[in-house]
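To be precise, the following lines are upload-v4.csv, and they hold CSV, C-alpha atoms.
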chain,number,residue,atom,x,y,z
G,179,MET,CA,0.0,0.0,0.0
G,180,LYS,CA,2.9,2.4,0.5
G,181,ASN,CA,3.4,2.6,-3.3
G,182,ILE,CA,-0.2,3.7,-3.5
G,183,TYR,CA,0.3,6.5,-1.0
G,184,SER,CA,3.4,7.6,-2.8
G,185,PHE,CA,1.3,7.8,-6.0
G,186,ILE,CA,-1.3,9.9,-4.1
G,187,ILE,CA,1.3,12.4,-3.0
G,188,THR,CA,2.9,12.6,-6.4
G,189,LEU,CA,-0.4,13.2,-8.1
G,190,ASN,CA,-1.3,15.9,-5.7
G,191,ILE,CA,1.9,17.7,-6.1
G,192,TYR,CA,1.7,17.5,-9.9
G,193,VAL,CA,-1.8,19.1,-10.1
G,194,ILE,CA,-0.7,21.9,-7.7
G,195,LEU,CA,2.4,22.8,-9.7
G,196,VAL,CA,1.1,22.7,-13.3
G,197,PHE,CA,-0.4,25.9,-14.7
G,198,PRO,CA,-4.2,25.7,-14.9
G,199,VAL,CA,-6.2,25.9,-18.1
G,200,HIS,CA,-9.4,27.9,-18.1
G,201,CYS,CA,-12.5,26.5,-19.7
G,202,GLU,CA,-16.2,26.2,-19.0
G,203,SER,CA,-16.9,23.5,-16.5
G,204,PRO,CA,-19.6,22.3,-14.1
G,205,TYR,CA,-16.9,22.7,-11.4
G,206,LYS,CA,-15.0,25.6,-10.1
G,207,LEU,CA,-11.8,25.6,-8.0
G,208,ASP,CA,-11.5,27.9,-5.1
G,209,TRP,CA,-8.0,28.2,-3.8
G,210,THR,CA,-9.2,28.9,-0.2
G,211,GLN,CA,-11.3,25.8,-0.2
G,212,ASP,CA,-8.9,23.7,-2.2
G,213,GLY,CA,-6.0,25.0,-0.1
G,214,ILE,CA,-7.7,23.8,3.0
G,215,LEU,CA,-8.6,20.4,1.5
G,216,ILE,CA,-5.1,19.8,0.1
G,217,GLY,CA,-3.5,21.0,3.3
G,218,THR,CA,-5.7,18.9,5.5
G,219,GLY,CA,-5.2,15.8,3.3
G,220,LEU,CA,-1.4,16.2,3.3
G,221,GLY,CA,-1.6,16.8,7.1
G,222,LEU,CA,-3.5,13.5,7.5
G,223,GLY,CA,-0.8,11.8,5.4
G,224,ALA,CA,2.0,13.2,7.5
G,225,VAL,CA,0.3,12.2,10.8
G,226,SER,CA,-0.4,8.7,9.4
G,227,LEU,CA,3.2,8.2,8.4
G,228,ILE,CA,4.4,9.2,11.9
G,229,ILE,CA,1.9,6.9,13.7
G,230,ASP,CA,2.6,4.1,11.2
G,231,ASN,CA,6.3,4.1,12.0
G,232,LYS,CA,5.5,3.5,15.6
G,233,VAL,CA,3.5,0.3,14.9
G,234,LYS,CA,5.5,-2.7,16.2
G,235,PRO,CA,5.5,-6.2,14.6
G,236,MET,CA,3.3,-8.8,16.3
G,237,THR,CA,5.2,-10.8,18.9
G,238,ILE,CA,5.2,-14.5,19.4
G,239,ALA,CA,3.2,-13.9,22.7
G,240,GLU,CA,0.6,-11.9,20.8
G,241,TYR,CA,0.4,-14.6,18.1
G,242,ASN,CA,-0.1,-17.3,20.7
G,243,ASN,CA,-2.9,-15.4,22.3
G,244,LEU,CA,-4.9,-15.1,19.1
G,245,ASN,CA,-8.3,-16.9,19.2
G,246,LYS,CA,-10.9,-17.0,16.4
G,247,ASN,CA,-13.6,-17.0,19.0
G,248,ASP,CA,-12.7,-13.5,19.9
G,249,ILE,CA,-13.7,-12.4,16.4
G,250,ASN,CA,-17.3,-11.2,16.1
G,251,GLY,CA,-19.7,-13.7,14.4
G,252,PHE,CA,-20.2,-11.6,11.3
G,253,ASP,CA,-16.4,-11.4,10.5
G,254,ARG,CA,-15.2,-14.8,11.8
G,255,PHE,CA,-15.4,-16.7,8.5
G,256,ALA,CA,-12.8,-14.5,6.9
G,257,SER,CA,-10.1,-16.0,9.3
G,258,GLU,CA,-10.3,-19.1,7.1
G,259,ASN,CA,-9.2,-17.2,4.0
G,260,TYR,CA,-5.8,-16.8,2.6
G,261,SER,CA,-4.4,-16.4,-0.9
G,262,GLU,CA,-1.4,-14.5,-2.1
G,263,ASN,CA,-2.5,-14.8,-5.7
G,264,ILE,CA,-5.8,-13.2,-5.0
G,265,SER,CA,-4.0,-10.5,-2.9
G,266,LYS,CA,-1.8,-9.7,-5.9
G,267,LEU,CA,-4.8,-9.7,-8.2
G,268,SER,CA,-6.5,-7.1,-6.0
G,269,ASP,CA,-3.4,-4.9,-6.3
G,270,TYR,CA,-3.6,-5.1,-10.1
G,271,ALA,CA,-7.4,-4.4,-10.0
G,272,LEU,CA,-6.8,-1.4,-7.7
G,273,GLY,CA,-4.3,0.0,-10.2
G,274,THR,CA,-6.9,-0.3,-12.9
G,275,ALA,CA,-9.5,1.5,-10.7
G,276,ILE,CA,-7.1,4.3,-9.9
G,277,VAL,CA,-6.3,5.1,-13.6
G,278,SER,CA,-9.9,4.5,-14.8
G,279,PRO,CA,-10.7,8.3,-14.8
G,280,LEU,CA,-8.1,8.6,-17.6
G,281,LEU,CA,-11.1,7.6,-19.7
G,282,PHE,CA,-12.1,11.2,-19.5
G,283,VAL,CA,-9.5,12.0,-22.1
G,284,LEU,CA,-11.8,10.4,-24.7
G,285,SER,CA,-14.1,13.4,-24.3
G,286,GLU,CA,-12.9,16.7,-25.7
G,287,LYS,CA,-15.1,18.6,-23.3
G,288,MET,CA,-13.5,16.9,-20.3
G,289,ARG,CA,-10.0,16.8,-21.8
G,290,GLU,CA,-10.0,20.6,-21.9
G,291,ASP,CA,-11.1,20.7,-18.3
G,292,TRP,CA,-8.3,18.4,-17.1
G,293,PHE,CA,-7.0,20.7,-14.4
G,294,PRO,CA,-10.0,21.1,-12.1
G,295,ILE,CA,-10.8,17.4,-12.6
G,296,GLY,CA,-7.2,16.5,-11.7
G,297,VAL,CA,-7.2,18.6,-8.6
G,298,MET,CA,-10.5,17.1,-7.4
G,299,TYR,CA,-9.3,13.6,-8.2
G,300,SER,CA,-6.1,14.1,-6.3
G,301,GLU,CA,-8.1,15.4,-3.3
G,302,THR,CA,-10.5,12.4,-3.5
G,303,ILE,CA,-7.8,9.8,-3.6
G,304,MET,CA,-5.8,11.6,-1.0
G,305,PHE,CA,-8.6,11.6,1.6
G,306,SER,CA,-9.8,8.0,0.9
G,307,GLY,CA,-6.2,6.7,1.1
G,308,PHE,CA,-4.8,8.7,4.0
G,309,LEU,CA,-8.0,8.2,6.2
G,310,SER,CA,-7.5,4.5,5.8
G,311,TYR,CA,-3.8,4.7,6.5
G,312,LEU,CA,-4.5,6.7,9.7
G,313,ALA,CA,-7.2,4.3,10.8
G,314,LYS,CA,-4.9,1.3,10.2
G,315,SER,CA,-2.1,2.8,12.3
G,316,THR,CA,-4.3,3.7,15.2
G,317,ALA,CA,-6.8,0.8,15.4
G,318,GLN,CA,-4.1,-1.9,14.8
G,319,ARG,CA,-6.7,-4.6,14.1
G,320,ILE,CA,-5.2,-7.9,13.4
G,321,ARG,CA,-5.7,-9.2,9.8
G,322,PRO,CA,-7.8,-12.3,9.3
G,323,TYR,CA,-4.9,-14.4,7.9
G,324,ALA,CA,-3.2,-14.2,11.3
G,325,TYR,CA,-5.8,-16.6,12.7
G,326,ASN,CA,-5.3,-19.1,9.9
G,327,ASP,CA,-3.1,-22.0,11.0
G,328,GLU,CA,-2.2,-22.8,7.4
G,329,VAL,CA,-0.4,-19.5,7.0
G,330,PRO,CA,3.3,-19.6,7.9
G,331,THR,CA,4.1,-18.0,11.3
G,332,ILE,CA,6.9,-15.9,9.8
G,333,ARG,CA,4.3,-14.3,7.5
G,334,LYS,CA,2.4,-13.1,10.6
G,335,LEU,CA,5.2,-11.6,12.7
G,336,ASN,CA,5.3,-8.2,11.1
G,337,ALA,CA,3.7,-4.8,11.6
G,338,ASP,CA,1.5,-5.0,8.5
G,339,VAL,CA,-0.5,-7.8,10.1
G,340,LYS,CA,-1.9,-5.2,12.5
G,341,LYS,CA,-3.4,-3.1,9.7
G,342,SER,CA,-6.7,-4.7,8.9
G,343,PHE,CA,-9.1,-1.8,9.7
G,344,PHE,CA,-10.1,-0.4,7.4
G,345,SER,CA,-9.4,-1.6,3.9
G,346,GLY,CA,-7.4,1.0,2.0
G,347,HIS,CA,-7.8,-0.9,-1.3
G,348,THR,CA,-11.6,-0.8,-1.0
G,349,SER,CA,-11.7,2.8,0.1
G,350,VAL,CA,-9.5,4.0,-2.8
G,351,ALA,CA,-11.4,1.8,-5.3
G,352,PHE,CA,-14.8,3.1,-4.3
G,353,SER,CA,-13.6,6.7,-4.2
G,354,SER,CA,-12.3,6.3,-7.7
G,355,ALA,CA,-15.5,4.5,-8.9
G,356,VAL,CA,-17.9,7.1,-7.4
G,357,PHE,CA,-15.7,10.0,-8.6
G,358,LEU,CA,-15.6,8.7,-12.1
G,359,SER,CA,-19.4,8.2,-12.2
G,360,VAL,CA,-20.4,11.4,-10.6
G,361,VAL,CA,-18.1,13.6,-12.7
G,362,TYR,CA,-19.2,11.9,-15.9
G,363,GLU,CA,-22.9,12.4,-15.0
G,364,ASP,CA,-22.3,16.1,-14.2
G,365,TYR,CA,-20.7,16.6,-17.6
G,366,PHE,CA,-23.3,14.5,-19.5
G,367,PRO,CA,-26.5,14.5,-17.5
G,368,ASP,CA,-28.5,13.2,-20.4
G,369,SER,CA,-26.1,10.4,-21.4
G,370,ASP,CA,-27.5,6.9,-21.9
G,371,TYR,CA,-24.2,5.5,-20.6
G,372,ILE,CA,-24.6,6.8,-17.0
G,373,PRO,CA,-26.1,3.6,-15.5
G,374,TYR,CA,-23.5,1.5,-17.3
G,375,ILE,CA,-20.7,3.6,-16.0
G,376,TRP,CA,-22.1,3.4,-12.5
G,377,CYS,CA,-22.5,-0.3,-12.7
G,378,ALA,CA,-19.1,-1.1,-14.2
G,379,SER,CA,-17.1,1.1,-11.8
G,380,LEU,CA,-19.0,-0.1,-8.7
G,381,LEU,CA,-18.7,-3.7,-9.8
G,382,LEU,CA,-14.9,-3.3,-10.1
G,383,ALA,CA,-14.7,-1.6,-6.7
G,384,SER,CA,-16.9,-4.3,-5.1
G,385,GLY,CA,-14.8,-7.0,-6.7
G,386,ILE,CA,-11.7,-5.5,-5.1
G,387,GLY,CA,-13.4,-5.5,-1.8
G,388,ILE,CA,-14.4,-9.2,-2.2
G,389,MET,CA,-10.8,-10.1,-3.2
G,390,ARG,CA,-9.5,-8.4,0.0
G,391,ILE,CA,-11.7,-10.6,2.0
G,392,GLU,CA,-11.0,-13.8,0.0
G,393,SER,CA,-7.2,-13.1,0.3
G,394,GLY,CA,-7.4,-13.0,4.1
G,395,ASN,CA,-6.3,-9.4,4.3
G,396,HIS,CA,-9.5,-7.9,5.6
G,397,PHE,CA,-12.7,-8.7,7.4
G,398,PRO,CA,-16.1,-7.9,5.9
G,399,THR,CA,-16.5,-4.9,8.3
G,400,ASP,CA,-13.1,-3.5,7.1
G,401,VAL,CA,-14.3,-3.6,3.5
G,402,ILE,CA,-17.8,-2.2,4.3
G,403,VAL,CA,-16.3,0.8,6.2
G,404,GLY,CA,-13.7,1.3,3.4
G,405,ALA,CA,-16.5,1.3,0.8
G,406,LEU,CA,-18.5,3.9,2.8
G,407,VAL,CA,-15.5,6.2,3.4
G,408,GLY,CA,-14.3,5.9,-0.3
G,409,SER,CA,-17.8,6.5,-1.6
G,410,ALA,CA,-18.2,9.6,0.6
G,411,SER,CA,-14.9,11.0,-0.6
G,412,GLY,CA,-15.7,10.3,-4.3
G,413,TYR,CA,-19.1,12.0,-4.0
G,414,LEU,CA,-18.4,15.0,-1.7
G,415,ILE,CA,-15.3,16.3,-3.3
G,416,PRO,CA,-16.8,16.9,-6.7
G,417,TYR,CA,-20.1,18.1,-5.1
G,418,SER,CA,-18.2,20.7,-3.1
G,419,HIS,CA,-16.8,22.1,-6.3
G,420,LYS,CA,-20.0,22.4,-8.3
G,421,MET,CA,-20.4,25.9,-9.5
G,422,ALA,CA,-24.1,25.8,-8.9
G,423,ASN,CA,-23.4,25.3,-5.2
G,424,LYS,CA,-20.7,27.9,-4.7
G,425,GLU,CA,-23.1,30.6,-3.5
G,426,ASP,CA,-25.4,28.3,-1.5
G,427,GLY,CA,-23.3,27.9,1.6
G,428,ILE,CA,-24.3,25.2,4.0
G,429,GLY,CA,-27.7,23.6,3.4
G,430,PHE,CA,-29.7,20.4,3.0
G,431,ASN,CA,-31.7,19.3,0.0
G,432,PHE,CA,-34.1,16.5,0.6
G,433,GLY,CA,-35.5,14.5,-2.3
G,434,ILE,CA,-37.5,11.3,-2.7
G,435,ASP,CA,-34.6,9.2,-3.9
G,436,ARG,CA,-31.6,10.9,-2.2
G,437,VAL,CA,-30.4,13.2,0.5
G,438,VAL,CA,-27.9,15.7,-0.6
G,439,VAL,CA,-25.7,17.7,1.8
G,440,SER,CA,-24.0,20.7,0.4
G,441,PHE,CA,-21.3,22.7,2.1
G,442,LYS,CA,-18.9,25.6,1.5
G,443,PHE,CA,-15.7,26.8,3.1

Now that the file is in, can you turn its structure into structure tokens?
Amino acid sequence: MKNIYSFIITLNIYVILVFPVHCESPYKLDWTQDGILIGTGLGLGAVSLIIDNKVKPMTIAEYNNLNKNDINGFDRFASENYSENISKLSDYALGTAIVSPLLFVLSEKMREDWFPIGVMYSETIMFSGFLSYLAKSTAQRIRPYAYNDEVPTIRKLNADVKKSFFSGHTSVAFSSAVFLSVVYEDYFPDSDYIPYIWCASLLLASGIGIMRIESGNHFPTDVIVGALVGSASGYLIPYSHKMANKEDGIGFNFGIDRVVVSFKF
């Protein structure tokens, strides 16, 4: 996962340093708002790295005290799972999810608007990734495979085994999926492809979450929380940049099929 966090930081720095291109857009950058978002995100990343460096490997004594019966009934079955191949496959799938918004280059309208989209996407991935990183380092929940007797003991005696909650792969995957779908829908609200894009992107994200459970890296609750955090990041970051909402301030908009919360810095 550290390679993913390095990618997040690199992407964020890139979109900050390049010169913006002005064009019509359903979104608008506000350097006060975006400065706060980027600063907060990078702050989360820094704090996460500091705390993560203090996480100690699991000791033999801790390993000997592990008991599957201590796991809640909903999550317990995941302790029987372990597969390095599925774990690697989830890494490749996550890479696909992260770069999926590059499909925007196929649209001239969105290609010309690359800068605000790039800034928003970097903020989205940054929050979904660093919030997971911070949670992992503070909660230090033992991964499911640590309870599996078929997994070599040496594989369990490290610091990473204490980073189950919550799933960073799932969080980043769902943030990317929701971001991709929301942004496309905002640019092309009448497109017939909207439901297909939503379905395809969410299926990929869900598949990654399932693979994280099947590989023994995460419990179902780790994946569920990751999906919720990632989805919130993928939706709220673009929504906070919508030009139609810039003058609205804080408010609530209740509808039959959704509840929308708008906010403004």

Per residue of region 201-270 of chain G within 8 Å of region 323-326 of chain G, what are the shortest atom pair and its distance in Å to one decimal, counting all atoms listed in the file, with rows by chain and residue number, as a tab-separated table?
residue	atom	partner	partner_atom	distance
G:Tyr241	CA	G:Ala324	CA	7.7
G:Leu244	CA	G:Tyr325	CA	6.6
G:Asn245	CA	G:Tyr325	CA	7.0
G:Lys246	CA	G:Tyr325	CA	6.3
G:Ala256	CA	G:Tyr323	CA	8.0
G:Ser257	CA	G:Tyr325	CA	5.5
G:Glu258	CA	G:Asn326	CA	5.7
G:Asn259	CA	G:Tyr323	CA	6.4
G:Tyr260	CA	G:Tyr323	CA	5.9

Keeping only C-alpha atoms, write the selected residues to a file as a tab-separated table (two decimals), in the coordinates of the input.
chain	number	residue	atom	x	y	z
G	241	TYR	CA	0.40	-14.60	18.10
G	244	LEU	CA	-4.90	-15.10	19.10
G	245	ASN	CA	-8.30	-16.90	19.20
G	246	LYS	CA	-10.90	-17.00	16.40
G	256	ALA	CA	-12.80	-14.50	6.90
G	257	SER	CA	-10.10	-16.00	9.30
G	258	GLU	CA	-10.30	-19.10	7.10
G	259	ASN	CA	-9.20	-17.20	4.00
G	260	TYR	CA	-5.80	-16.80	2.60

With only C-alpha atoms counted and 7 Å as the cut-off, give the residues of region 215-310 of chain G in contact with region 330-335 of chain G, each with its shortest interatomic distance in Å and the pair that gives it, as a tab-separated table.
residue	atom	partner	partner_atom	distance
G:Pro235	CA	G:Leu335	CA	5.7
G:Met236	CA	G:Leu335	CA	4.9
G:Thr237	CA	G:Leu335	CA	6.3

Given the choices G:Met298, G:Ile214, G:Leu280, G:Ile386, which gets closest to His347 (chain G) if the distance is worked out from all atoms listed in the file?
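Distance minimum relative to His347 (chain G) lands on G:Ile386.
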
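Distances to Pro416 (chain G) were evaluated for G:Glu392, G:Asp253, G:Asp269, G:Glu363 using only C-alpha atoms, and the minimum falls at G:Glu363.
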
Find the smallest box with edges along x, y and z containing every listed atom of region 339-358 of chain G, then add 8 Å on each side and report centre and edge lengths in Å to one decimal, as AutoDock Vina command-line options.
--center_x -9.2 --center_y 1.1 --center_z 0.2 --size_x 33.4 --size_y 33.8 --size_z 40.6

Which value, in Å to one decimal, gives the distance between CA of Ile375 (chain G) and CA of Ser306 (chain G)?
20.6 Å

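Using only C-alpha atoms, the nearest neighbour of Ser354 (chain G) within the list G:Phe397, G:Tyr205, G:Trp376, G:Phe252 is G:Trp376.
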
Expressed in Å, the length from CA of Thr302 (chain G) to CA of Ser353 (chain G) is 6.5 Å

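The nearest approach to Val225 (chain G) among the residues G:Ser349, G:Thr316, G:Ser384, G:Ser342, with all atoms listed in the file taken into account, belongs to G:Thr316.
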